[in-house]
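Chemist: Dropping the structure in here first, questions after.
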Amino acid sequence: MKHVVTNFLKATAITSILATGAVAQETPKMGGTLVTVMGSTPRVLNPAVQSGIVTGLVGAQLFAAPLRYDEGWNPQPYLAKSWEVSDDGLKVTLHLQENATFHDGEPIKSSDVAFSVKIIQEFHPFKSMFSPVTSVDTPDEHTAVLNLAHPHPALMLAMSGQLMSIIPEHIYGDGQDPKNHPRNNENVVGSGPFKLVEFVPGEHVIMERYDGFWEQGLPYLDKIVARIIPDSAARAIALENGEIHLSTFENQPTIVNRMSAAKGMNVSNDGYGGIGPIDWLAMNVTRGPLQDVRVRQAIAYAIDKNFILKAVMRGTAKDALTGVHPDSPLYNGDVNAYALDVDKANALLDEAGYGMNGGKRFDITLELVPFPGYKPQTEYIKQALSKVGINVTINATPDFPSWAKKMGTMDFDMSLDSVYNWGDPVIGVNRTYMSSNIAKGVWSNTQGYSNARVDELLAQAAEENDQAKRKALYAEFQQIVNEEVPIYYLNAVPMHTFYSDKIGNPPITGIWSTSSPMDRVWLKD
Amino acid sequence: MSTDPNQTTVRARSPLAEAWGMFLQNYTAVAALFVLVIIILGAIFGPYLYPTDPFEMVWSPFSPPGVDGFILGTDYLGRDLFAQIVHGARVTLVIGLSAAVVTVLIGVTVGALAGFYRGLVEEILMRITEFFQVLPTLLFSMVIVALFGASLPMITLAIGMVSWTAVARITRTEFLRIRELEYVMASKASGTSNTKLMFHVILPNALPPIIVQSALMVGSAILFEAGLSFLGLTDPNVISWGQIIGSNRQYILESSFTVTIPGLAIFLSVLVISLVGDGLNDALNPKLRQR
């Protein structure tokens with residue numbers, strides 16, 4: 001089975017390489033309407049005040065960020081045609097495209113960049129992205145200088161994808177609350193390659209080519225229709241019927257395997273490195289037996305990772321051993337993999353003082369996270385832990401808000417969770433380990449984990465501009481966290497892109513999937 | 001003092017025996033009862049005869065029925081589907097029965113009070129009944145389970161809460177009819193207390209349609225539980241037929257047997273319960289006895 005899967009994956013990899021090669025020789029064609037799909041309705045279309053991949057899909061078309069990233073994690077010019085970082089790392093200068101305009105024809109100026117940074121600092125949920133930015137200087141209309149309190153290497157990634165959307169000051173600077181601004185969903189004036197035609201919540205978002213886009217000849221597409229279909233099986237049927245050309249962020253293993261077999265459909269798991277989603281088992285280290293590191297290690301040894309990867313994820317997911325996504329250049333895979341070892345788990349539990357008493361050591365609860373598709377893993381973990389005498393009761397939570405409240409207030413023992421890296425560790429990783437971020441709502445340090453060395457490493461790495469030194473700091477961090485197991489990492493979420501043969505330049509190159517502009521996507525005849 | 005040979009002694013048969021006789025003449029109902037008894041016996045003794053843990057991963061996932069010694073195959077985690085059906089029967093039937101009991105308790109109380117006292121009491125109770133009748137039942141039970149947690153007692157209670165109205169209406173109608181009958185008048189005139197009149201004089205005579213209704217209730221409660229489980233509103237620590245369907249449904253296209261087998265089990269149980277209920281109806285309803 002394993003060989004079949006690996007061979008299959010290799011085969012797809014090779015095909016996609018060949019396909020990319022073929023695409024490179026084909027001349028992109030102008031025109032056409034691309035139909036894509038989203039799993040839910042975005043709350044707003046303005047990514048400066050809202051995170052999430054559905055806001056990102058539309059937002060990254062409507063708004064432009066200064067930079068974009070290639071698949072090798074190298075920054076590329078986008079709205080900023082060039083940029084410099086000063087030697088001390090305290091000044092980042094952006095040189096904007098000179099002929100760039102908003103969708104109402106107003107030029108995009110450096111003051112808009114300053115305004116956007118201010119809005120994002122204040123209203124975007126990811127505070128760590130721009131918190132070191134003290135001010136933005138605008139020496140001329142096309143130059144913006146971000147002044148930093150300390151070196152901030154995460155800034156480069158934070159200036160790409162959907163994270164730093166440049167919004168027009170003359171629209172959003174009217175004193176209304178930017179988070180609930182009426183122009184977030186209607187008559188949106190953006191800076192990106194596509195402009196908004198229509199947004200019908202629960203139905204679709206329609207965007208069309210912005211003819212005044214600064215780069216001549218781009219975008220290729222005339223129109224993008226993003227339909228909203230919450231059910232993954234319904235999306236699969238629409239793809240098979242050819243009603244939809246492209247679907248991203250698909251992570252149901254059965255659907256992935258079904259699409260791999262579908263005619264005229266391509267499947268790829270490339271392009272999600274920046275999103276960096278990881279599934280894990282969160283453990284509340286502040287109560288009960290889980291306070292003991294040996295108990296947590298025993299749990300890690302008692303769970304058979306291979307079973308999860310093969311039987312539950314059906315070979316669609318990559319292994320993840322640390323809190324950094326395996327596609328990230330900062331990933332350190334040289335850590336304890338906690339290969340299944342029931343004897344060792346039993347020994348650790350005995351050592352921790354939880355002796356076997358009538359086939360049972362202690363009771364513990366496991367929350368059933370209310371995302372689709374997380375029940376099999378949860379049931380498996382319950383069963384695997386019963387083998388070492390840990391009696392798990394699964395708590396079903398009916399909806400996301402009640403689960404999020406339980407997590408955010410640390411009112412749980414264990415739960416599966418799915419957390420995104422969002423490019424740089426400073427943005428998406430630190431939040432779940434820093435002792436200063438304990439119990440600050442869902443996707444904070446809900447484990448109650450506190451380690452002075454980890455805090456120190458993360459603080460140092462956040463300000464280290466030397467990539468090699470930074471990598472070493474994160475490597476040590478990953479080592480410690482892997483050893484102390486406040487979180488047991490299951491796998492990288494098997495995010496996949498399904499795209500029809502008709503699509504040229506599918507959004508699988510890069511690190512942000514469809515949270516990046518689709519200006520170079522085109523449709524074949 | 002010789003006995004007239006032409007005169008046959010008419011021995012009064014007890015109503016129960018008479019009803020049983022009627023029931024036995026209904027072959028469909030008898031066959032259904034036979035199957036139902038097998039299902040109940042299976043639910044009680046099955047887990048001892050087939051002790052495989054239904055939560056244990058015993059084989060590769062989705063191995064089809066009959067392969068490698070697994071009669072009904074395995075589910076998405078490689079758990080024995082036959083073991084799940086056998087062990088799930090108990091929970092499914094218990095929920096069906098106890099939800100029916102809850103239904104009858106609430107329904108009979110409300111219906112009896114309304115039918116006996118009439119007037120303002122009836123007005124109030126019947127308006128309350130109507131209120132529950134117009135609520136979308138599945139939605140209302142989902143709300144209850146979502147609010148108070150998906151434990152078995154709560155699911156049972158939720159099903160009972162949304163389905164007692166039919167019983168209440170039937171009970172009230174019967175009470176309205178019977179309370180005007182002469183023997184009730186007679187007991188009333190001889191000073192029998194209201195409680196005694198309600199529960200000792202009227203209720204026993206109103207029972208037949210209530211029994212039929214509650215038998216049917218068991219079937220619909222099982223379907224209800226399956227519906228809730230299908231939507232994921234279930235206790236993940238126990239196994240029921242509905243839950244097997246609910247957790248396997250996303251694999252329906254590749255391994256449909258994981259859904260159809262528990263589906264057939266529910267179908268069969270609900271069918272035989274309905275047929276038995278129908279047989280009871282024929283046997284207990286005096287108007288139909290003349291057929």
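Every chain in the structure tokens has a letter given in the order shown (A, B, ...), and although residue numbers restart at 1 in each chain, ligands are simply numbered from 1 in the order shown.
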Which residues come within 12 Å of Met142 (chain B), counting only C-alpha atoms, excluding same-chain residues fewer than 4 positions away, as number ranges by chain?

Modeler: A: 398-399; B: 135-138, 146-150, 154-159, 161-162, 224-225, 227-234

Chemist: Let's have the selection written as an mmCIF file, in the first residue's frame, with C-alpha atoms.

Modeler:
```
data_model
loop_
_atom_site.group_PDB
_atom_site.id
_atom_site.type_symbol
_atom_site.label_atom_id
_atom_site.label_comp_id
_atom_site.auth_asym_id
_atom_site.auth_seq_id
_atom_site.Cartn_x
_atom_site.Cartn_y
_atom_site.Cartn_z
ATOM 1 C CA PRO A 398 -21.891 20.875 18.666
ATOM 2 C CA ASP A 399 -20.445 23.988 17.080
ATOM 3 C CA LEU B 135 -42.157 23.186 15.940
ATOM 4 C CA PRO B 136 -40.027 21.446 13.305
ATOM 5 C CA THR B 137 -39.232 18.305 15.297
ATOM 6 C CA LEU B 138 -35.747 17.449 14.053
ATOM 7 C CA ALA B 146 -26.689 21.186 20.928
ATOM 8 C CA LEU B 147 -27.514 23.181 24.051
ATOM 9 C CA PHE B 148 -27.259 20.469 26.682
ATOM 10 C CA GLY B 149 -24.651 18.190 25.173
ATOM 11 C CA ALA B 150 -24.858 14.990 23.177
ATOM 12 C CA MET B 154 -30.113 13.990 26.664
ATOM 13 C CA ILE B 155 -30.702 12.515 23.199
ATOM 14 C CA THR B 156 -33.464 10.305 24.612
ATOM 15 C CA LEU B 157 -35.039 13.255 26.351
ATOM 16 C CA ALA B 158 -34.784 15.388 23.224
ATOM 17 C CA ILE B 159 -36.577 12.747 21.166
ATOM 18 C CA MET B 161 -39.678 16.130 24.097
ATOM 19 C CA VAL B 162 -40.520 16.520 20.423
ATOM 20 C CA PHE B 224 -34.909 10.048 15.059
ATOM 21 C CA GLU B 225 -31.765 8.901 16.798
ATOM 22 C CA GLY B 227 -31.151 11.287 12.058
ATOM 23 C CA LEU B 228 -29.425 13.052 14.931
ATOM 24 C CA SER B 229 -26.411 10.733 14.691
ATOM 25 C CA PHE B 230 -26.240 11.290 10.964
ATOM 26 C CA LEU B 231 -25.884 14.992 11.668
ATOM 27 C CA GLY B 232 -23.144 14.228 14.175
ATOM 28 C CA LEU B 233 -25.253 14.992 17.246
ATOM 29 C CA THR B 234 -24.416 11.884 19.148
#
```

Chemist: Please identify all residues of chain B having at least one atom at most 9 Å from any atom of chain A, considering only C-alpha atoms, and return them as a PyMOL selection string.

Modeler: chain B and resi 55-57+60-61+76-78+145-147+149-151+232-237+247+250-251+254

Chemist: Keeping only N, CA and C atoms, write those residues as an mmCIF file, in the first residue's frame.

Modeler:
```cif
data_model
loop_
_atom_site.group_PDB
_atom_site.id
_atom_site.type_symbol
_atom_site.label_atom_id
_atom_site.label_comp_id
_atom_site.auth_asym_id
_atom_site.auth_seq_id
_atom_site.Cartn_x
_atom_site.Cartn_y
_atom_site.Cartn_z
ATOM 1 N N PHE B 55 -14.917 -1.007 18.908
ATOM 2 C CA PHE B 55 -14.053 0.169 18.724
ATOM 3 C C PHE B 55 -12.627 -0.229 18.339
ATOM 4 N N GLU B 56 -12.359 -1.529 18.348
ATOM 5 C CA GLU B 56 -10.996 -1.994 18.135
ATOM 6 C C GLU B 56 -10.694 -2.056 16.636
ATOM 7 N N MET B 57 -9.521 -1.515 16.259
ATOM 8 C CA MET B 57 -9.148 -1.606 14.851
ATOM 9 C C MET B 57 -8.540 -2.971 14.609
ATOM 10 N N SER B 60 -7.548 -4.059 7.970
ATOM 11 C CA SER B 60 -7.356 -2.885 7.135
ATOM 12 C C SER B 60 -8.718 -2.245 6.853
ATOM 13 N N PRO B 61 -8.763 -0.914 6.754
ATOM 14 C CA PRO B 61 -10.033 -0.237 6.555
ATOM 15 C C PRO B 61 -10.723 -0.659 5.260
ATOM 16 N N TYR B 76 -14.070 2.613 8.259
ATOM 17 C CA TYR B 76 -12.968 3.483 7.848
ATOM 18 C C TYR B 76 -11.752 3.411 8.759
ATOM 19 N N LEU B 77 -11.885 2.839 9.946
ATOM 20 C CA LEU B 77 -10.701 2.661 10.784
ATOM 21 C C LEU B 77 -10.330 1.185 10.885
ATOM 22 N N GLY B 78 -10.947 0.359 10.050
ATOM 23 C CA GLY B 78 -10.656 -1.069 10.114
ATOM 24 C C GLY B 78 -11.315 -1.752 11.290
ATOM 25 N N VAL B 145 -30.176 19.062 21.925
ATOM 26 C CA VAL B 145 -28.927 18.313 22.042
ATOM 27 C C VAL B 145 -27.721 19.252 21.960
ATOM 28 N N ALA B 146 -27.817 20.261 21.072
ATOM 29 C CA ALA B 146 -26.689 21.186 20.928
ATOM 30 C C ALA B 146 -26.506 22.003 22.201
ATOM 31 N N LEU B 147 -27.617 22.340 22.851
ATOM 32 C CA LEU B 147 -27.514 23.181 24.051
ATOM 33 C C LEU B 147 -27.013 22.394 25.253
ATOM 34 N N GLY B 149 -25.687 19.199 25.340
ATOM 35 C CA GLY B 149 -24.651 18.190 25.173
ATOM 36 C C GLY B 149 -25.217 16.889 24.637
ATOM 37 N N ALA B 150 -24.383 16.186 23.865
ATOM 38 C CA ALA B 150 -24.858 14.990 23.177
ATOM 39 C C ALA B 150 -24.586 13.741 23.995
ATOM 40 N N SER B 151 -25.248 13.620 25.163
ATOM 41 C CA SER B 151 -25.130 12.374 25.914
ATOM 42 C C SER B 151 -26.393 11.555 25.647
ATOM 43 N N GLY B 232 -24.284 14.117 13.269
ATOM 44 C CA GLY B 232 -23.144 14.228 14.175
ATOM 45 C C GLY B 232 -23.528 14.559 15.600
ATOM 46 N N LEU B 233 -24.829 14.675 15.881
ATOM 47 C CA LEU B 233 -25.253 14.992 17.246
ATOM 48 C C LEU B 233 -25.454 13.696 18.010
ATOM 49 N N THR B 234 -24.356 13.179 18.505
ATOM 50 C CA THR B 234 -24.416 11.884 19.148
ATOM 51 C C THR B 234 -23.261 11.759 20.119
ATOM 52 N N ASP B 235 -23.371 10.813 21.022
ATOM 53 C CA ASP B 235 -22.285 10.578 21.969
ATOM 54 C C ASP B 235 -21.234 9.708 21.287
ATOM 55 N N PRO B 236 -20.057 10.278 21.006
ATOM 56 C CA PRO B 236 -19.069 9.507 20.244
ATOM 57 C C PRO B 236 -18.468 8.336 21.032
ATOM 58 N N ASN B 237 -18.797 8.241 22.321
ATOM 59 C CA ASN B 237 -18.208 7.163 23.116
ATOM 60 C C ASN B 237 -19.017 5.877 23.087
ATOM 61 N N SER B 247 -20.928 8.335 10.742
ATOM 62 C CA SER B 247 -19.479 8.500 10.605
ATOM 63 C C SER B 247 -18.938 7.888 9.320
ATOM 64 N N GLN B 250 -19.231 9.874 4.697
ATOM 65 C CA GLN B 250 -18.360 10.530 3.716
ATOM 66 C C GLN B 250 -17.620 9.527 2.839
ATOM 67 N N TYR B 251 -17.697 8.245 3.184
ATOM 68 C CA TYR B 251 -17.028 7.243 2.356
ATOM 69 C C TYR B 251 -18.032 6.479 1.503
ATOM 70 N N GLU B 254 -17.074 5.180 -2.090
ATOM 71 C CA GLU B 254 -16.094 4.114 -2.298
ATOM 72 C C GLU B 254 -16.463 2.827 -1.562
#
```

Chemist: List the spatial neighbours of Ser131 (chain A) as a compact mmCIF listing (two decimals) with C-alpha atoms, in the first residue's frame - criterion: any atom at most 12 Å away, only C-alpha atoms, same-chain residues fewer than 3 positions off excluded.

Modeler:
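As a result, out_32.txt now contains:
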```txt
# COMPACT_ATOMS: atom_id res chain seq x y z
CA VAL A 117 0.04 49.56 7.54
CA LYS A 118 -1.75 51.64 10.14
CA ILE A 119 -5.09 49.92 9.48
CA ILE A 120 -3.54 46.43 9.49
CA GLN A 121 -1.66 47.18 12.72
CA GLU A 122 -4.87 48.22 14.36
CA PHE A 123 -7.48 45.89 12.89
CA HIS A 124 -5.89 42.71 11.52
CA PRO A 125 -5.93 39.77 13.96
CA PHE A 126 -2.23 38.97 13.34
CA LYS A 127 -0.71 41.70 15.52
CA SER A 128 2.82 40.32 15.36
CA THR A 134 7.02 52.39 14.50
CA SER A 135 6.28 54.66 11.55
CA LEU A 146 8.96 51.30 7.11
CA ASN A 147 10.84 52.18 10.31
CA LEU A 148 11.27 49.31 12.73
CA ALA A 149 11.90 49.28 16.47
CA HIS A 150 14.12 46.23 15.99
CA PRO A 151 15.07 43.97 13.08
CA HIS A 152 11.97 42.10 11.97
CA ALA A 154 9.06 38.22 9.37
CA LEU A 155 8.18 41.48 7.67
CA ALA A 158 4.05 39.71 6.02
CA VAL A 426 6.53 34.99 14.11
CA ILE A 427 3.06 35.27 12.57
CA ALA A 462 12.00 37.21 15.73
```

Chemist: For the structure I just gave you, how does DSSP split region 41-290 of chain B - specifically, which residues are alpha helix (DSSP H)? Reply as number ranges by chain.

Modeler: B: 41-49, 81-117, 119-134, 137-148, 152-163, 165-178, 182-189, 194-196, 203-230, 241-248, 257-284

Chemist: Could you pull the residues within 8 Å of Leu176 (chain B), counting only C-alpha atoms, minus those fewer than 3 positions along the same chain, as a PyMOL selection string?

Modeler: chain B and resi 115-116+172-173+179-180
